[in-house]
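J.: Sharing model-v9.cif here; it has mmCIF, C-alpha atoms.
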```cif
data_data
loop_
_atom_site.label_atom_id
_atom_site.label_comp_id
_atom_site.auth_asym_id
_atom_site.auth_seq_id
_atom_site.Cartn_x
_atom_site.Cartn_y
_atom_site.Cartn_z
CA MET A 1 9.34 -5.69 17.09
CA LEU A 2 8.24 -7.97 19.93
CA ILE A 3 8.67 -5.16 22.44
CA LEU A 4 6.28 -2.71 20.76
CA GLY A 5 4.28 -4.85 18.37
CA GLY A 6 4.09 -8.23 20.02
CA ARG A 7 0.32 -8.56 19.83
CA HIS A 8 0.28 -8.17 16.05
CA ILE A 9 3.10 -10.62 15.52
CA LEU A 10 1.79 -13.18 18.00
CA ALA A 11 -1.70 -12.93 16.50
CA LEU A 12 -0.27 -14.55 13.38
CA LEU A 13 0.32 -17.68 15.47
CA GLY A 14 -3.18 -17.65 16.95
CA PRO A 15 -5.32 -15.70 19.42
CA GLN A 16 -4.11 -17.72 22.42
CA TYR A 17 -0.59 -16.35 21.86
CA THR A 18 -1.62 -12.70 22.15
CA GLU A 19 -2.27 -13.22 25.86
CA ALA A 20 1.49 -13.52 26.37
CA ALA A 21 2.31 -10.27 24.55
CA ASP A 22 2.90 -8.11 27.63
CA ALA A 23 5.17 -10.61 29.37
CA LEU A 24 6.99 -11.28 26.11
CA ALA A 25 7.62 -7.56 25.64
CA VAL A 26 9.22 -7.43 29.09
CA TYR A 27 11.30 -10.53 28.32
CA ALA A 28 12.37 -9.12 24.95
CA THR A 29 13.52 -5.95 26.70
CA ALA A 30 15.42 -7.96 29.31
CA ASN A 31 17.00 -10.20 26.69
CA THR A 32 18.10 -7.17 24.68
CA LEU A 33 19.88 -5.84 27.78
CA LEU A 34 21.20 -9.32 28.50
CA LEU A 35 23.25 -9.18 25.30
CA THR A 36 25.33 -6.37 26.80
CA VAL A 37 25.46 -8.10 30.18
CA THR A 38 26.84 -11.23 28.52
CA VAL A 39 29.55 -9.28 26.69
CA LEU A 40 30.58 -7.40 29.83
CA SER A 41 30.50 -10.43 32.14
CA SER A 42 32.49 -12.48 29.62
CA LEU A 43 35.08 -9.71 29.48
CA VAL A 44 35.31 -9.62 33.27
CA TYR A 45 35.66 -13.43 33.30
CA SER A 46 38.36 -13.37 30.60
CA GLN A 47 40.32 -10.89 32.71
CA GLY A 48 40.40 -13.45 35.52
CA LYS A 49 38.09 -11.47 37.81
CA TYR A 50 36.18 -14.56 38.88
CA ARG A 51 35.06 -13.08 42.18
CA HIS A 52 33.34 -10.26 40.29
CA VAL A 53 31.59 -12.75 38.02
CA LEU A 54 30.36 -14.62 41.10
CA ILE A 55 29.17 -11.41 42.78
CA GLY A 56 27.36 -10.23 39.63
CA GLY A 57 25.65 -13.59 39.19
CA LEU A 58 24.65 -13.84 42.83
CA ALA A 59 23.35 -10.26 42.98
CA SER A 60 21.24 -10.51 39.84
CA ASN A 61 19.86 -13.97 40.59
CA ALA A 62 19.19 -13.24 44.27
CA ALA A 63 17.19 -10.18 43.19
CA ARG A 64 15.25 -12.31 40.70
CA VAL A 65 14.41 -14.96 43.29
CA LEU A 66 13.39 -12.37 45.88
CA LEU A 67 11.18 -10.61 43.36
CA TYR A 68 9.63 -13.93 42.25
CA ILE A 69 8.61 -14.43 45.87
CA LEU A 70 7.30 -10.87 46.28
CA MET A 71 5.62 -10.48 42.88
CA GLY A 72 4.32 -13.99 42.48
CA THR A 73 4.61 -16.34 39.58
CA SER A 74 2.28 -14.56 37.16
CA ASP A 75 3.70 -14.13 33.68
CA ILE A 76 4.29 -10.40 34.22
CA GLY A 77 5.70 -10.95 37.73
CA VAL A 78 8.25 -13.47 36.49
CA ALA A 79 9.15 -11.34 33.46
CA ALA A 80 9.55 -8.19 35.58
CA SER A 81 11.72 -10.10 38.06
CA PHE A 82 13.92 -11.28 35.21
CA LEU A 83 14.17 -7.73 33.82
CA ILE A 84 15.12 -6.20 37.18
CA GLY A 85 17.75 -8.89 37.77
CA THR A 86 19.16 -8.17 34.32
CA VAL A 87 19.31 -4.42 35.04
CA ILE A 88 21.18 -5.14 38.28
CA ALA A 89 23.69 -7.31 36.38
CA LEU A 90 24.08 -4.62 33.70
CA ALA A 91 24.77 -1.93 36.31
CA TYR A 92 27.24 -4.15 38.17
CA TYR A 93 29.24 -5.32 35.15
CA SER A 94 29.18 -1.81 33.67
CA ALA A 95 30.85 -0.54 36.85
CA ILE A 96 33.47 -3.32 36.73
CA ALA A 97 34.22 -3.00 32.98
CA LYS A 98 33.95 0.80 32.73
CA ASN A 99 35.96 1.29 29.52
CA VAL A 100 33.99 -1.22 27.48
CA ALA A 101 30.69 -0.09 29.00
CA LYS A 102 31.54 3.49 28.03
CA SER A 103 32.14 2.44 24.41
CA ALA A 104 28.88 0.51 24.39
CA ALA A 105 27.04 3.52 25.81
CA ILE A 106 28.33 5.65 22.94
CA LEU A 107 27.10 3.10 20.37
CA THR A 108 23.72 2.44 22.01
CA PRO A 109 21.93 5.66 20.91
CA ARG A 110 22.88 4.88 17.31
CA LEU A 111 21.50 1.37 17.64
CA VAL A 112 18.28 2.66 19.19
CA ALA A 113 17.87 5.20 16.37
CA ILE A 114 18.36 2.44 13.82
CA ALA A 115 15.79 0.18 15.49
CA MET A 116 13.08 2.85 15.89
CA PRO A 117 11.48 2.63 12.41
CA ALA A 118 11.07 -1.14 12.72
CA ALA A 119 9.89 -0.92 16.33
CA ALA A 120 7.44 1.92 15.72
CA THR A 121 5.85 0.42 12.62
CA SER A 122 5.60 -3.04 14.14
CA ALA A 123 3.39 -1.61 16.88
CA ILE A 124 0.89 -0.62 14.16
CA GLY A 125 0.79 -3.94 12.33
CA ILE A 126 2.80 -6.57 10.53
CA LEU A 127 2.35 -5.11 7.04
CA LEU A 128 3.70 -1.74 8.11
CA ALA A 129 6.59 -3.42 9.91
CA ILE A 130 8.10 -4.52 6.59
CA PRO A 131 8.94 -0.99 5.36
CA GLY A 132 10.00 -0.08 8.90
CA ILE A 133 12.47 -2.96 8.91
CA ALA A 134 13.77 -1.87 5.50
CA ILE A 135 14.30 1.67 6.79
CA SER A 136 16.10 0.33 9.86
CA TYR A 137 18.46 -1.72 7.69
CA ALA A 138 19.10 1.30 5.46
CA LEU A 139 19.94 3.40 8.52
CA ALA A 140 22.29 0.68 9.75
CA VAL A 141 24.17 0.85 6.45
CA LYS A 142 24.14 4.66 6.45
CA MET A 143 25.57 4.77 10.00
CA LYS A 144 28.13 2.13 9.01
CA ILE A 145 26.94 -0.36 11.63
CA VAL A 146 26.68 -3.02 8.91
CA THR A 147 27.89 -3.16 5.32
CA ARG A 148 25.87 -3.47 2.14
CA ARG A 149 27.37 -6.92 1.63
CA GLU A 150 26.17 -8.06 5.06
CA ILE A 151 22.65 -6.80 4.32
CA GLY A 152 22.71 -8.69 1.03
CA GLU A 153 23.85 -11.89 2.74
CA ILE A 154 21.10 -11.63 5.36
CA ALA A 155 18.46 -10.97 2.70
CA GLN A 156 19.66 -13.89 0.61
CA GLN A 157 19.49 -16.24 3.60
CA VAL A 158 16.08 -15.05 4.85
CA LEU A 159 14.12 -14.45 1.66
CA PRO A 160 13.00 -17.13 -0.78
CA ASN A 161 15.20 -17.05 -3.89
CA PRO A 162 12.54 -15.74 -6.33
CA LEU A 163 11.65 -12.91 -3.93
CA TYR A 164 15.32 -12.08 -3.28
CA THR A 165 15.95 -11.90 -7.04
CA LYS A 166 13.14 -9.34 -7.40
CA ILE A 167 13.94 -7.27 -4.29
CA ALA A 168 17.77 -7.16 -4.50
CA PRO A 169 17.97 -4.61 -7.37
CA LEU A 170 15.46 -2.32 -5.62
CA GLY A 171 17.36 -2.62 -2.33
CA ALA A 172 20.63 -1.79 -4.10
CA LYS A 173 19.07 1.35 -5.65
CA ILE A 174 17.75 2.50 -2.26
CA LEU A 175 21.17 1.98 -0.68
CA ASP A 176 22.78 3.87 -3.60
CA ILE A 177 20.56 6.85 -2.79
CA LEU A 178 21.64 6.75 0.84
CA ASP A 179 25.35 6.64 -0.04
#
```
Just dump the structure as structure tokens.
T.:
Amino acid sequence: MLILGGRHILALLGPQYTEAADALAVYATANTLLLTVTVLSSLVYSQGKYRHVLIGGLASNAARVLLYILMGTSDIGVAASFLIGTVIALAYYSAIAKNVAKSAAILTPRLVAIAMPAAATSAIGILLAIPGIAISYALAVKMKIVTRREIGEIAQQVLPNPLYTKIAPLGAKILDILD
């Protein structure tokens, strides 16, 4: 939601926060990729390939520092430098851990498809993001990425109890339709 709809979400915190929306979208993209980088680099480390971990870290961070110097320290310059360094790390660790990277590449289109309703509606506004998020969760259950029980646990932890009590039966009916 921060990638496509950051301005709407940040506006809830105050107008001064919307100025950071573009840089935050770049950071959110980089941090999303960084999840995969972390998994792959941890795998490489656990296999005892310490030299590869060192090379990956040096390559990605050297690129970041060089780009900081070239692009300046503006919010977008720093965010873009971070993103490019992350992409370099992703490419490097994907080449080193080919089998796991291949499995992740197969799963990624499904994850993107699941996230699209939430991402697309959040770009329009916060009120429309709520049904988009619900659709994304329903797709995640339909594609067997998460279970109904896991969705219920998340909802119970996030929503206030009176709201959860009202929404849970409706959510169960929607998920029944999808099954």
J.: What is the CA of Val100 (chain A)-CA of Thr38 (chain A) distance in Å, reported with one decimal?
T.: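 It comes out at 12.3 Å.
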J.: Show which residues sit within 9 Å of Val78 (chain A), as an MDAnalysis selection string. Count only C-alpha atoms, and ignore same-chain residues fewer than 4 positions away.
T.: chainID A and resid 23 64 67:68 71:74 82:83
J.: With the file shown as input, list the residues that the PyMOL selection byres ((chain A and resi 33) around 12) selects, as a compact mmCIF listing (two decimals) with C-alpha atoms, in the coordinates of the input.
T.:
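To be explicit, this is the file written out as out_33.txt:
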```
# COMPACT_ATOMS: atom_id res chain seq x y z
CA VAL A 26 9.22 -7.43 29.09
CA TYR A 27 11.30 -10.53 28.32
CA ALA A 28 12.37 -9.12 24.95
CA THR A 29 13.52 -5.95 26.70
CA ALA A 30 15.42 -7.96 29.31
CA ASN A 31 17.00 -10.20 26.69
CA THR A 32 18.10 -7.17 24.68
CA LEU A 34 21.20 -9.32 28.50
CA LEU A 35 23.25 -9.18 25.30
CA THR A 36 25.33 -6.37 26.80
CA VAL A 37 25.46 -8.10 30.18
CA THR A 38 26.84 -11.23 28.52
CA VAL A 39 29.55 -9.28 26.69
CA LEU A 40 30.58 -7.40 29.83
CA PHE A 82 13.92 -11.28 35.21
CA LEU A 83 14.17 -7.73 33.82
CA ILE A 84 15.12 -6.20 37.18
CA GLY A 85 17.75 -8.89 37.77
CA THR A 86 19.16 -8.17 34.32
CA VAL A 87 19.31 -4.42 35.04
CA ILE A 88 21.18 -5.14 38.28
CA ALA A 89 23.69 -7.31 36.38
CA LEU A 90 24.08 -4.62 33.70
CA ALA A 91 24.77 -1.93 36.31
CA TYR A 93 29.24 -5.32 35.15
CA SER A 94 29.18 -1.81 33.67
CA ALA A 104 28.88 0.51 24.39
CA ALA A 105 27.04 3.52 25.81
CA THR A 108 23.72 2.44 22.01
```
J.: With distances taken over only C-alpha atoms, which of A:Ser41, A:Pro131, A:Leu58, A:Val65 is nearest to Ala79 (chain A)?
T.: A:Val65
J.: Return the single residue from A:Ile96, A:Ala21, A:Ile154, A:Val146 that is closest to His8 (chain A), with distances computed using only C-alpha atoms.
T.: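 Among the listed residues, A:Ala21 lies closest to His8 (chain A).
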J.: With all atoms listed in the file as the counted atoms, please give the residues lying no more than 9 Å from Ile151 (chain A), apart from itself and same-chain residues fewer than 4 positions off, as a PyMOL selection string.
T.: chain A and resi 137-138+141+146-147+155-156
J.: How many Å separate CA of Val44 (chain A) from CA of Asn61 (chain A)?
T.: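 So the two atoms, CA of Val44 (chain A) and CA of Asn61 (chain A), lie 17.6 Å apart.
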J.: Of the candidates A:Ala172, A:Ile55, A:Ile76, A:Leu12, which shows the shortest atom-to-atom distance to Gly152 (chain A), using only C-alpha atoms?
T.: A:Ala172
J.: Neighbourhood query: residues within 10 Å of (25.8, 4.2, 11.3), file coordinates, counting all atoms listed in the file; return as a count of residues only.
T.: 15
J.: Pick from A:Ala129, A:Ala62, A:Gln47, A:Gly77: nearest to Ala97 (chain A), with only C-alpha atoms counted?
T.: A:Gln47
J.: For CA of Ser136 (chain A) and CA of Ala101 (chain A), determine how far apart the two atoms are, in Å to one decimal place.
T.: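 These atoms are spaced 24.1 Å apart.
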